[in-house]
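S.K.: To start, I am sharing the structure in question, which I have written as structure tokens.
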Amino acid sequence: MRSSRLWAWLTFAVGAACFFIPLLATLEFSMRMRRGTYSFDAYKVVFGDPRFQATFSYSVVAAIMTIILGILIVVPAAYWIRLRLPQLRPIVEFITLLPLVIPAIVIVFGYIRMYGSSSPLPLLASSRSTDLLLVIGYATLALPYMYRAVDTGLRTIDVRTLTEAAQILGAGWSTIIVRVILPNVLIAVLSGAFLTFAIVIGEFTMASLLNRPAFGPYLQNIGANRAYEPAALAVIAFAITWGCMSVIQLLSRFAPRSSNRPN
Amino acid sequence: MADTFLSIRNVRKTFATTTVVQDFNLDVARGEFVSFLGPSGCGKTTVLRMVAGFEEPSGGAIHIAGKDVTRLKPNQRNIGMVFQAYALFPNLTVAQNIAFGLKVAGAPRAEIDQRVAEMLSLIKLPEFGERFPYQLSGGQQQRVALARALAPKPKLLLLDEPLSALDAKVRVSLRDEIRGIQKELGITTVFVTHDQEEALSISDRIVVMYGGRAEQVGTPFEIYNRPSTRFVANFVGTLNVLEGTVSDAASGKVRINTEEIALKNKLNGSRTGETLSLALRPEAIALGRRAGHDANLSGEIAEVHFLGSVIRVRVGLGSSTVSLDTFNNSSTPPPTVGQRTEISFASEDVLVLH
């Protein structure tokens with residue numbers, strides 16, 4: 001018993017070391033900008049850089065738009081599949097997994113060929129429409145995470161009976177989705193939203209090839225030309241991602257409990 | 001029927017190649033409490049779901065208060081429904097759940113508050129408005145579901161096995177409460193159950209269903225005492241079935257094992273030598289001879305089950321066995337297994353199953 005506990009702790013310690021040592025090394029390196037002493041100079045440079053503020057703001061807005069688009073597509077689709085088309089579930093699950101299999105670079109080249117200036121729908125002709133295309137691309141990349149999060153949330157409630165209970169009380173489809181289904185899967189939707197946020201903030205390929213001023217290409221650009229700032233940016237990116245995960249954990253505590261438990 | 005409120009005419013439902021409801025007809029009077037009783041898969045819930053609008057009939061028509069609702073969506077029918085799984089909205093409080101239908105209908109705030117208070121008082125949970133469903137017991141949740149269904153003042157109330165998920169004690173008290181509320185409001189109600197005791201105890205009429213058809217429609221008394229088919233006789237209540245041979249059709253004599261009994265006007269044209277199934281309820285049989293009982297058979301006590309107020313005795317009659325119930329009497333010990341005995345019954349209580 002004692003021996004197995006020792007091995008468990010040892011395995012945990014090795015795993016934690018593999019994870020934390022590079023992170024601590026990056027943090028330590030990011031603080032060595034001033035010769036002979038530790039300082040936050042690299043962070044000051046990063047936060048003071050107008051390109052950081054511009055690209056970060058751009059990516060935050062893109063992430064919010066992606067989350068809205070994702071929710072509008074995924075929640076009604078996953079709900080409808082659970083309610084009326086359960087036989088389609090394996091096919092839809094396969095489709096939502098495709099962005100994990102097909103590299104982003106393939107998707108973005110497809111977009112460039114499909115929506116170039118000579119296409120009947122030239123989305124790449126202006127900055128605004130390219131932004132729209134980028135958000136659509138991000139929503140595609142986030143689809144596996146958003147769909148799974150929402151589908152898992154829907155699994156915890158009796159979708160069919162709740163829908164019928166709302167219908168017989170006079171509710172139409174929009175009322176059912178907004179007032180019955182969405183509030184009961186809100187935590188799952190938020191989990192998907194924060195995962196989407198984390199993906200969009202660091203995404204490089206699509207933003208770079210569509211030539212948009214996003215945070216990902218900025219990270220790459222700084223990494224190629226500066227010494228200490230990329231390490232500071234890596235720590236900042238980690239902090240943002242961890243912040244998102246913590247919010248998911250925090251919100252899951254407020255999930256409404258199911259009433260469908262016969263005693 | 002003078003005042004038909006719900007009319008179901010020639011309704012049929014087919015899923016792919018399977019017909020689950022066929023040629024179903026029923027008229028329910030205003031304020032009546034009708035139960036659909038039958039085993040799993042008999043089509044009772046499908047009929048209820050067609051009345052609610054969740055399933056569209058493959059044929060036939062459904063009228064509520066004279067209006068054809070066959071193709072109307074559930075949210076256009078003004079029906080209240082209580083589900084087996086409660087189906088309370090987990091994110092809403094009890095008061096918000098009850099108010100849901102009124103809010104959807106756009107009722108003014110003051111009216112909603114007043115109606116919610118009325119409903120909470122009707123279900124005897126006036127202090128529970130701010131609780132969430134997960135903070136309630138199963139019985140309390142189902143009462144809230146009933147209040148939620150009744151709050152928008154529906155024309156018709158549908159109850160889809162609302163007591164099935166509850167424990168026995170709560171089930172009995174809640175079914176009485178449901179019947180009390182139904183009588184108080186005078187609302188036309190259709191209740192689906194597979195529990196015969198539930199159906200017999202609270203219904204004005206019962207529809208016994210089997211194989212997608214209504215086998216018999218009648219009052220609980222008629223269904224229990226005068227079953228029209230072998231299925232109804234077997235499904236409702238406990239039934240003893242004895243095989244007999246018509247020994248003299250003219251005088252109505254039937255031979256059971258080596259003994260003969262006379263069944264006046266019961267043989268319905270059966271001929272001498274024909275084999276019949278004779279059914280008897282346990283409470284129609286007495287141990288020993290009794291005044292008013294004109295038929296006697298001899299046998300041997302096979303089993304004795306003490307059930308408190310009642311003693312259920314099984315008596316072997318040759319190759320068959322019958323069950324009978326006697327009231328417990330503290331001054332008389334129960335019969336003993338192996339003891340020779342006689343049973344008696346009134347020939348008019350015998351059901352001849354064709």
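Going by the structure tokens order, chains are called A, B, ..., each with residues numbered from 1, while ligands are numbered from 1 in the order shown.
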Do you know which residues are at most 9 Å from Thr272 in chain B counting only C-alpha atoms, after dropping those on the same chain fewer than 2 positions away, and could you put them as an MDAnalysis selection string?
M.R.: chainID B and resid 245:250 253:254 270 274:275
S.K.: Suppose we keep N, CA and C atoms; can you now write the selection as a short mmCIF file (atom, residue, chain, number, x, y, z; two decimals), in the first residue's frame?
M.R.:
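In the end it all went to again_8.cif:
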```
data_model
loop_
_atom_site.label_atom_id
_atom_site.label_comp_id
_atom_site.auth_asym_id
_atom_site.auth_seq_id
_atom_site.Cartn_x
_atom_site.Cartn_y
_atom_site.Cartn_z
N THR B 245 -66.07 -29.04 -18.85
CA THR B 245 -66.69 -29.58 -20.05
C THR B 245 -68.21 -29.53 -19.89
N VAL B 246 -68.89 -29.05 -20.91
CA VAL B 246 -70.35 -28.96 -20.85
C VAL B 246 -70.90 -30.40 -20.86
N SER B 247 -71.55 -30.78 -19.76
CA SER B 247 -72.07 -32.15 -19.69
C SER B 247 -73.53 -32.20 -20.13
N ASP B 248 -74.25 -31.09 -19.95
CA ASP B 248 -75.63 -31.03 -20.43
C ASP B 248 -75.96 -29.58 -20.76
N ALA B 249 -75.89 -29.26 -22.04
CA ALA B 249 -76.06 -27.87 -22.47
C ALA B 249 -77.46 -27.36 -22.13
N ALA B 250 -78.46 -28.22 -22.22
CA ALA B 250 -79.85 -27.79 -22.00
C ALA B 250 -80.06 -27.29 -20.58
N LYS B 253 -75.31 -27.62 -17.29
CA LYS B 253 -74.40 -28.33 -16.38
C LYS B 253 -73.00 -28.43 -16.98
N VAL B 254 -72.02 -28.17 -16.13
CA VAL B 254 -70.62 -28.21 -16.56
C VAL B 254 -69.86 -29.10 -15.59
N SER B 270 -73.20 -22.74 -25.98
CA SER B 270 -72.19 -23.82 -26.01
C SER B 270 -72.90 -25.16 -26.10
N GLU B 274 -68.47 -29.60 -25.21
CA GLU B 274 -67.54 -28.49 -25.49
C GLU B 274 -66.73 -28.15 -24.22
N THR B 275 -65.45 -27.79 -24.40
CA THR B 275 -64.62 -27.41 -23.25
C THR B 275 -64.69 -25.89 -23.06
#
```
S.K.: List every residue of chain B that has an atom at most 9 Å from any atom of chain A, giving for each one its closest atom pair and the distance in Å to one decimal, counting only C-alpha atoms, sorted by chain and then by ascending residue number, as a Markdown table.
M.R.:
```
| residue | atom | partner | partner_atom | distance |
| --- | --- | --- | --- | --- |
| B:Ala52 | CA | A:Ile168 | CA | 7.3 |
| B:Gly53 | CA | A:Ile168 | CA | 8.5 |
| B:Phe54 | CA | A:Glu164 | CA | 7.6 |
| B:Lys73 | CA | A:Gln167 | CA | 8.5 |
| B:Pro74 | CA | A:Ile168 | CA | 5.2 |
| B:Asn75 | CA | A:Gly170 | CA | 3.9 |
| B:Gln76 | CA | A:Gly170 | CA | 6.5 |
| B:Arg77 | CA | A:Ile168 | CA | 7.8 |
| B:Asn78 | CA | A:Gly170 | CA | 7.3 |
| B:Ile79 | CA | A:Ile168 | CA | 6.4 |
| B:Gly80 | CA | A:Ile168 | CA | 6.5 |
| B:Met81 | CA | A:Ile168 | CA | 6.8 |
| B:Val82 | CA | A:Ala165 | CA | 8.0 |
| B:Phe83 | CA | A:Thr161 | CA | 7.7 |
| B:Ala85 | CA | A:Asn260 | CA | 5.9 |
| B:Tyr86 | CA | A:Asn260 | CA | 6.6 |
| B:Ala87 | CA | A:Leu162 | CA | 5.4 |
| B:Leu88 | CA | A:Ser259 | CA | 6.4 |
| B:Phe89 | CA | A:Val180 | CA | 6.8 |
| B:Pro90 | CA | A:Ser259 | CA | 5.4 |
| B:Asn91 | CA | A:Pro256 | CA | 5.5 |
| B:Leu92 | CA | A:Val180 | CA | 8.9 |
| B:Phe100 | CA | A:Leu169 | CA | 7.3 |
| B:Gly101 | CA | A:Leu169 | CA | 4.7 |
| B:Leu102 | CA | A:Leu169 | CA | 8.2 |
| B:Val104 | CA | A:Ala171 | CA | 6.0 |
| B:Ala105 | CA | A:Gly170 | CA | 6.9 |
| B:Phe132 | CA | A:Ser259 | CA | 8.5 |
| B:Pro133 | CA | A:Ser259 | CA | 5.4 |
| B:Tyr134 | CA | A:Ser259 | CA | 5.0 |
| B:Gln135 | CA | A:Ser259 | CA | 8.6 |
| B:Leu136 | CA | A:Ser259 | CA | 8.7 |
| B:Ser137 | CA | A:Asn263 | CA | 7.0 |
| B:Gly138 | CA | A:Asn263 | CA | 5.5 |
| B:Gly139 | CA | A:Asn263 | CA | 8.7 |
| B:Gln141 | CA | A:Ser259 | CA | 8.2 |
| B:Arg148 | CA | A:Leu169 | CA | 8.4 |
| B:Ala149 | CA | A:Leu169 | CA | 7.2 |
| B:Pro152 | CA | A:Leu169 | CA | 7.7 |
| B:Ala165 | CA | A:Pro262 | CA | 5.5 |
| B:Leu166 | CA | A:Asn263 | CA | 6.6 |
| B:Asp167 | CA | A:Asn263 | CA | 7.7 |
```
S.K.: Would you work out the distance separating CA of Gly212 in chain B from CA of Val20 in chain B, expressed in Å to one decimal?
M.R.: 5.1 Å
S.K.: Can you tell me how far CA of Ile123 in chain B sits from CA of Glu161 in chain B, in Å to one decimal?
M.R.: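 So the two atoms, CA of Ile123 in chain B and CA of Glu161 in chain B, lie 18.4 Å apart.
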S.K.: Could you pull the residues within 7 Å of range 22-32 of chain A, counting only C-alpha atoms, minus those fewer than 5 positions along the same chain, as a compact mmCIF listing (two decimals) with N, CA and C atoms, in the first residue's frame?
M.R.:
```txt
# COMPACT_ATOMS: atom_id res chain seq x y z
N THR A 37 20.26 41.48 -12.88
CA THR A 37 19.15 41.47 -11.91
C THR A 37 17.85 41.02 -12.58
N TYR A 38 16.91 40.52 -11.74
CA TYR A 38 15.61 40.13 -12.30
C TYR A 38 14.72 41.36 -12.41
N SER A 39 13.98 41.46 -13.49
CA SER A 39 13.05 42.60 -13.66
C SER A 39 11.90 42.17 -14.57
N PHE A 40 10.89 43.03 -14.62
CA PHE A 40 9.75 42.78 -15.53
C PHE A 40 9.86 43.64 -16.78
N ALA A 42 10.90 43.01 -19.77
CA ALA A 42 10.39 42.38 -21.01
C ALA A 42 8.86 42.53 -21.07
N TYR A 228 14.12 38.40 -25.17
CA TYR A 228 13.41 38.17 -23.91
C TYR A 228 11.89 38.31 -24.05
N GLU A 229 11.43 39.17 -24.98
CA GLU A 229 10.00 39.43 -25.14
C GLU A 229 9.21 38.17 -25.50
N ALA A 231 9.71 35.16 -24.57
CA ALA A 231 9.51 34.38 -23.34
C ALA A 231 8.41 35.01 -22.49
N ALA A 232 8.42 36.35 -22.42
CA ALA A 232 7.37 37.04 -21.65
C ALA A 232 6.01 36.78 -22.28
N VAL A 235 4.70 33.34 -21.44
CA VAL A 235 4.15 33.29 -20.07
C VAL A 235 2.76 33.95 -20.05
```
S.K.: Pick out the residues sitting within 10 Å of Tyr145 in chain A, and hand them over as a PDB file with N, CA and C atoms, in the first residue's frame; count only C-alpha atoms, and ignore anything fewer than 4 positions along from it in its own chain.
M.R.:
```pdb
ATOM      1  N   THR A  96     -17.494  16.923 -37.211  1.00  0.00           N
ATOM      2  CA  THR A  96     -16.926  17.910 -36.284  1.00  0.00           C
ATOM      3  C   THR A  96     -15.479  17.585 -35.914  1.00  0.00           C
ATOM      4  N   LEU A  97     -15.081  16.335 -36.122  1.00  0.00           N
ATOM      5  CA  LEU A  97     -13.687  15.963 -35.812  1.00  0.00           C
ATOM      6  C   LEU A  97     -12.730  16.300 -36.953  1.00  0.00           C
ATOM      7  N   LEU A 100      -9.647  18.542 -36.717  1.00  0.00           N
ATOM      8  CA  LEU A 100      -8.472  18.027 -35.999  1.00  0.00           C
ATOM      9  C   LEU A 100      -7.584  17.220 -36.943  1.00  0.00           C
ATOM     10  N   LEU A 141     -12.310  25.561 -36.781  1.00  0.00           N
ATOM     11  CA  LEU A 141     -11.243  24.972 -35.955  1.00  0.00           C
ATOM     12  C   LEU A 141     -11.745  24.608 -34.554  1.00  0.00           C
ATOM     13  N   ALA A 149     -18.492  19.797 -26.139  1.00  0.00           N
ATOM     14  CA  ALA A 149     -18.904  20.424 -24.868  1.00  0.00           C
ATOM     15  C   ALA A 149     -20.426  20.526 -24.806  1.00  0.00           C
ATOM     16  N   VAL A 150     -21.048  21.017 -25.884  1.00  0.00           N
ATOM     17  CA  VAL A 150     -22.507  21.204 -25.888  1.00  0.00           C
ATOM     18  C   VAL A 150     -23.220  19.853 -25.847  1.00  0.00           C
ATOM     19  N   ASP A 151     -22.717  18.891 -26.627  1.00  0.00           N
ATOM     20  CA  ASP A 151     -23.350  17.567 -26.670  1.00  0.00           C
ATOM     21  C   ASP A 151     -23.292  16.889 -25.296  1.00  0.00           C
ATOM     22  N   SER A 191     -17.923  26.318 -21.338  1.00  0.00           N
ATOM     23  CA  SER A 191     -16.691  25.529 -21.462  1.00  0.00           C
ATOM     24  C   SER A 191     -16.208  25.564 -22.901  1.00  0.00           C
ATOM     25  N   GLY A 192     -17.133  25.319 -23.831  1.00  0.00           N
ATOM     26  CA  GLY A 192     -16.794  25.361 -25.249  1.00  0.00           C
ATOM     27  C   GLY A 192     -16.314  26.742 -25.647  1.00  0.00           C
ATOM     28  N   ALA A 193     -16.955  27.769 -25.074  1.00  0.00           N
ATOM     29  CA  ALA A 193     -16.594  29.148 -25.417  1.00  0.00           C
ATOM     30  C   ALA A 193     -15.165  29.473 -24.978  1.00  0.00           C
ATOM     31  N   PHE A 194     -14.797  29.048 -23.771  1.00  0.00           N
ATOM     32  CA  PHE A 194     -13.451  29.366 -23.293  1.00  0.00           C
ATOM     33  C   PHE A 194     -12.387  28.563 -24.027  1.00  0.00           C
ATOM     34  N   LEU A 195     -12.719  27.331 -24.400  1.00  0.00           N
ATOM     35  CA  LEU A 195     -11.774  26.557 -25.215  1.00  0.00           C
ATOM     36  C   LEU A 195     -11.587  27.248 -26.566  1.00  0.00           C
ATOM     37  N   THR A 196     -12.700  27.736 -27.120  1.00  0.00           N
ATOM     38  CA  THR A 196     -12.633  28.469 -28.392  1.00  0.00           C
ATOM     39  C   THR A 196     -11.747  29.702 -28.221  1.00  0.00           C
ATOM     40  N   ILE A 199      -8.119  28.810 -28.198  1.00  0.00           N
ATOM     41  CA  ILE A 199      -7.628  28.423 -29.536  1.00  0.00           C
ATOM     42  C   ILE A 199      -7.401  29.667 -30.397  1.00  0.00           C
TER      43      ILE A 199
END
```
S.K.: So that I can check the secondary structure, give me every residue of range 144-258 of chain B assigned strand (DSSP E or B) by backbone DSSP, as JSON, numbers by chain.
M.R.: {"B": [156, 157, 158, 159, 160, 188, 189, 190, 191, 192, 193, 205, 206, 207, 208, 209, 210, 213, 214, 215, 216, 217, 218, 240, 241, 242, 243, 244, 245, 246, 247, 248, 253, 254, 255, 256]}
S.K.: Those same residues - N, CA and C atoms - I'd like them written as a compact mmCIF listing (two decimals), in the first residue's frame.
M.R.:
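Everything below was put into result39.txt:
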```
# COMPACT_ATOMS: atom_id res chain seq x y z
N LEU B 156 -57.90 20.58 -21.20
CA LEU B 156 -57.80 19.13 -21.02
C LEU B 156 -56.50 18.82 -20.27
N LEU B 157 -56.55 17.86 -19.36
CA LEU B 157 -55.34 17.48 -18.62
C LEU B 157 -54.95 16.05 -18.99
N LEU B 158 -53.69 15.87 -19.38
CA LEU B 158 -53.19 14.54 -19.73
C LEU B 158 -52.14 14.14 -18.69
N LEU B 159 -52.26 12.93 -18.17
CA LEU B 159 -51.32 12.45 -17.16
C LEU B 159 -50.67 11.17 -17.68
N ASP B 160 -49.38 11.25 -17.99
CA ASP B 160 -48.69 10.10 -18.59
C ASP B 160 -47.91 9.34 -17.52
N THR B 188 -61.49 17.95 -17.53
CA THR B 188 -61.51 16.68 -18.25
C THR B 188 -60.09 16.11 -18.25
N THR B 189 -59.95 14.85 -17.84
CA THR B 189 -58.61 14.29 -17.64
C THR B 189 -58.46 12.92 -18.27
N VAL B 190 -57.32 12.72 -18.92
CA VAL B 190 -56.99 11.39 -19.44
C VAL B 190 -55.71 10.95 -18.74
N PHE B 191 -55.76 9.78 -18.16
CA PHE B 191 -54.68 9.29 -17.31
C PHE B 191 -54.18 7.96 -17.89
N VAL B 192 -52.88 7.86 -18.09
CA VAL B 192 -52.32 6.63 -18.63
C VAL B 192 -51.61 5.88 -17.50
N THR B 193 -51.90 4.61 -17.38
CA THR B 193 -51.24 3.81 -16.35
C THR B 193 -51.18 2.33 -16.75
N ARG B 205 -64.16 6.25 -15.90
CA ARG B 205 -64.20 5.13 -16.86
C ARG B 205 -62.78 4.70 -17.17
N ILE B 206 -62.67 3.44 -17.58
CA ILE B 206 -61.36 2.89 -17.93
C ILE B 206 -61.42 2.36 -19.37
N VAL B 207 -60.35 2.63 -20.11
CA VAL B 207 -60.21 2.04 -21.44
C VAL B 207 -59.10 0.99 -21.31
N VAL B 208 -59.44 -0.28 -21.40
CA VAL B 208 -58.40 -1.32 -21.32
C VAL B 208 -57.88 -1.54 -22.74
N MET B 209 -56.57 -1.36 -22.91
CA MET B 209 -55.99 -1.45 -24.25
C MET B 209 -55.09 -2.68 -24.38
N TYR B 210 -55.10 -3.22 -25.58
CA TYR B 210 -54.24 -4.36 -25.87
C TYR B 210 -53.99 -4.41 -27.38
N ARG B 213 -55.48 -1.63 -29.62
CA ARG B 213 -56.94 -1.49 -29.69
C ARG B 213 -57.51 -1.28 -28.29
N ALA B 214 -58.71 -0.69 -28.26
CA ALA B 214 -59.45 -0.60 -26.99
C ALA B 214 -60.20 -1.91 -26.84
N GLU B 215 -59.79 -2.72 -25.87
CA GLU B 215 -60.45 -4.02 -25.67
C GLU B 215 -61.82 -3.83 -25.04
N GLN B 216 -61.88 -2.92 -24.06
CA GLN B 216 -63.16 -2.66 -23.39
C GLN B 216 -63.13 -1.26 -22.79
N VAL B 217 -64.26 -0.57 -22.86
CA VAL B 217 -64.40 0.74 -22.23
C VAL B 217 -65.56 0.63 -21.25
N GLY B 218 -65.32 1.01 -20.03
CA GLY B 218 -66.41 0.91 -19.06
C GLY B 218 -66.01 1.49 -17.72
N ASN B 240 -59.07 -16.68 -11.26
CA ASN B 240 -58.89 -18.14 -11.29
C ASN B 240 -59.56 -18.68 -12.53
N VAL B 241 -58.84 -19.46 -13.29
CA VAL B 241 -59.44 -20.04 -14.49
C VAL B 241 -59.49 -21.56 -14.33
N LEU B 242 -60.71 -22.12 -14.45
CA LEU B 242 -60.91 -23.57 -14.35
C LEU B 242 -61.38 -24.09 -15.71
N GLU B 243 -60.83 -25.21 -16.11
CA GLU B 243 -61.29 -25.81 -17.36
C GLU B 243 -62.47 -26.73 -17.04
N GLY B 244 -63.56 -26.61 -17.79
CA GLY B 244 -64.74 -27.46 -17.59
C GLY B 244 -65.29 -27.95 -18.91
N THR B 245 -66.07 -29.04 -18.85
CA THR B 245 -66.69 -29.58 -20.05
C THR B 245 -68.21 -29.53 -19.89
N VAL B 246 -68.89 -29.05 -20.91
CA VAL B 246 -70.35 -28.96 -20.85
C VAL B 246 -70.90 -30.40 -20.86
N SER B 247 -71.55 -30.78 -19.76
CA SER B 247 -72.07 -32.15 -19.69
C SER B 247 -73.53 -32.20 -20.13
N ASP B 248 -74.25 -31.09 -19.95
CA ASP B 248 -75.63 -31.03 -20.43
C ASP B 248 -75.96 -29.58 -20.76
N LYS B 253 -75.31 -27.62 -17.29
CA LYS B 253 -74.40 -28.33 -16.38
C LYS B 253 -73.00 -28.43 -16.98
N VAL B 254 -72.02 -28.17 -16.13
CA VAL B 254 -70.62 -28.21 -16.56
C VAL B 254 -69.86 -29.10 -15.59
N ARG B 255 -69.02 -30.00 -16.14
CA ARG B 255 -68.24 -30.90 -15.29
C ARG B 255 -66.85 -30.32 -15.10
N ILE B 256 -66.42 -30.20 -13.82
CA ILE B 256 -65.06 -29.78 -13.50
C ILE B 256 -64.43 -30.94 -12.74
```
S.K.: Can you build me a table of range 246-281 of chain B residues sitting at most 8 Å from range 295-303 of chain B, with the closest atom pair per residue and its distance in Å to one decimal, using only C-alpha atoms, sorted by chain and residue number, as a tab-separated table?
M.R.:
```
residue	atom	partner	partner_atom	distance
B:Glu259	CA	B:Leu297	CA	6.7
B:Ile261	CA	B:Ala295	CA	5.7
B:Ala262	CA	B:Ala295	CA	7.2
```
S.K.: Could the residues in this selection be written to a file with N, CA, C and O atoms, as a short mmCIF file (atom, residue, chain, number, x, y, z; two decimals), in the first residue's frame?
M.R.:
```cif
data_model
loop_
_atom_site.label_atom_id
_atom_site.label_comp_id
_atom_site.auth_asym_id
_atom_site.auth_seq_id
_atom_site.Cartn_x
_atom_site.Cartn_y
_atom_site.Cartn_z
N GLU B 259 -66.65 -33.34 -10.58
CA GLU B 259 -67.88 -32.77 -10.01
C GLU B 259 -68.61 -31.92 -11.04
O GLU B 259 -68.02 -31.44 -12.01
N ILE B 261 -71.30 -28.62 -11.81
CA ILE B 261 -71.99 -27.41 -11.31
C ILE B 261 -72.98 -26.96 -12.39
O ILE B 261 -72.80 -27.28 -13.57
N ALA B 262 -73.99 -26.20 -11.97
CA ALA B 262 -75.00 -25.72 -12.92
C ALA B 262 -74.79 -24.23 -13.15
O ALA B 262 -74.73 -23.45 -12.19
#
```
S.K.: Which residues are close to range 241-245 of chain A, i.e. within 9 Å by only C-alpha atoms, leaving aside same-chain residues fewer than 2 positions away? Reply as a list of chain:residue names.
M.R.: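 Listed by chain and then number, they are A:Ser191, A:Phe194, A:Leu195, A:Phe197, A:Ala198, A:Ile199, A:Ile201, A:Ile236, A:Ala237, A:Phe238, A:Ala239, A:Val247, A:Ile248, A:Gln249, A:Leu250.
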S.K.: For the selection you just gave me, I'd like the residues written to a file as a PDB file, in the first residue's frame, keeping C-alpha atoms.
M.R.:
```pdb
ATOM      1  CA  SER A 191     -16.691  25.529 -21.462  1.00  0.00           C
ATOM      2  CA  PHE A 194     -13.451  29.366 -23.293  1.00  0.00           C
ATOM      3  CA  LEU A 195     -11.774  26.557 -25.215  1.00  0.00           C
ATOM      4  CA  PHE A 197     -11.157  31.626 -26.848  1.00  0.00           C
ATOM      5  CA  ALA A 198      -7.909  29.840 -25.989  1.00  0.00           C
ATOM      6  CA  ILE A 199      -7.628  28.423 -29.536  1.00  0.00           C
ATOM      7  CA  ILE A 201      -5.957  33.802 -29.139  1.00  0.00           C
ATOM      8  CA  ILE A 236       1.332  35.762 -20.810  1.00  0.00           C
ATOM      9  CA  ALA A 237      -0.261  33.293 -23.249  1.00  0.00           C
ATOM     10  CA  PHE A 238      -0.044  30.562 -20.588  1.00  0.00           C
ATOM     11  CA  ALA A 239      -1.657  32.845 -18.040  1.00  0.00           C
ATOM     12  CA  VAL A 247     -13.146  30.125 -15.220  1.00  0.00           C
ATOM     13  CA  ILE A 248     -14.548  26.865 -16.687  1.00  0.00           C
ATOM     14  CA  GLN A 249     -13.864  25.089 -13.377  1.00  0.00           C
ATOM     15  CA  LEU A 250     -15.412  27.930 -11.422  1.00  0.00           C
TER      16      LEU A 250
END
```
S.K.: Of the candidates B:Val51, B:Leu163, B:Ala65, B:Ile112, which one gets nearest to Arg175 in chain B if we count only C-alpha atoms?
M.R.: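 Among the listed residues, the smallest separation from Arg175 in chain B belongs to B:Leu163.
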S.K.: Env of range 54-60 of chain A: 6 Å cut, atoms = only C-alpha atoms, seq-sep filter 6 positions within chain, self excluded. Answer as a CSV table (one decimal) with N, CA and C atoms, in the first residue's frame.
M.R.:
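Wrote result11.csv, looks like this:
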```csv
chain,number,residue,atom,x,y,z
A,201,ILE,N,-7.0,32.9,-29.6
A,201,ILE,CA,-6.0,33.8,-29.1
A,201,ILE,C,-4.6,33.4,-29.7
A,213,PRO,N,-4.2,41.1,-38.8
A,213,PRO,CA,-3.3,41.6,-37.7
A,213,PRO,C,-3.7,40.9,-36.4
A,214,ALA,N,-3.6,39.6,-36.3
A,214,ALA,CA,-4.0,38.9,-35.1
A,214,ALA,C,-2.8,38.6,-34.1
A,215,PHE,N,-3.1,38.1,-33.0
A,215,PHE,CA,-2.1,38.0,-31.9
A,215,PHE,C,-1.1,36.9,-32.3
```
S.K.: Pick out the closest residue to Ser129 in chain A from this set: A:Met33, A:Val106, A:Leu210, A:Leu251. Count only C-alpha atoms.
M.R.: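 Closest to Ser129 in chain A of all the choices is A:Leu210.
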S.K.: Name the residues of range 7-237 of chain A that fall into alpha helix (DSSP H) according to DSSP on the backbone, using the chain letters and numbers of this document, as a PyMOL selection string.
M.R.: chain A and resi 7-30+41-48+50-83+89-101+104-115+127-155+159-168+173-175+182-184+186-202+205-209+215-225+229-237
S.K.: Interatomic distance between CA of Lys155 in chain B and CA of Asp68 in chain B?
M.R.: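 These two atoms are separated by 13.9 Å.
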S.K.: May I ask which of the residues B:Gln96, B:Ser323, B:Thr336, B:Thr4 is the closest one to Asp27 in chain B, counting only C-alpha atoms?
M.R.: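 Ranked by minimum distance to Asp27 in chain B, first place goes to B:Thr4.
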S.K.: Name the closest residue to Tyr79 in chain A among the candidates A:Leu143, A:Ala224, A:Ile177, A:Ala125; distances are taken between atoms, counting only C-alpha atoms.
M.R.: A:Ile177
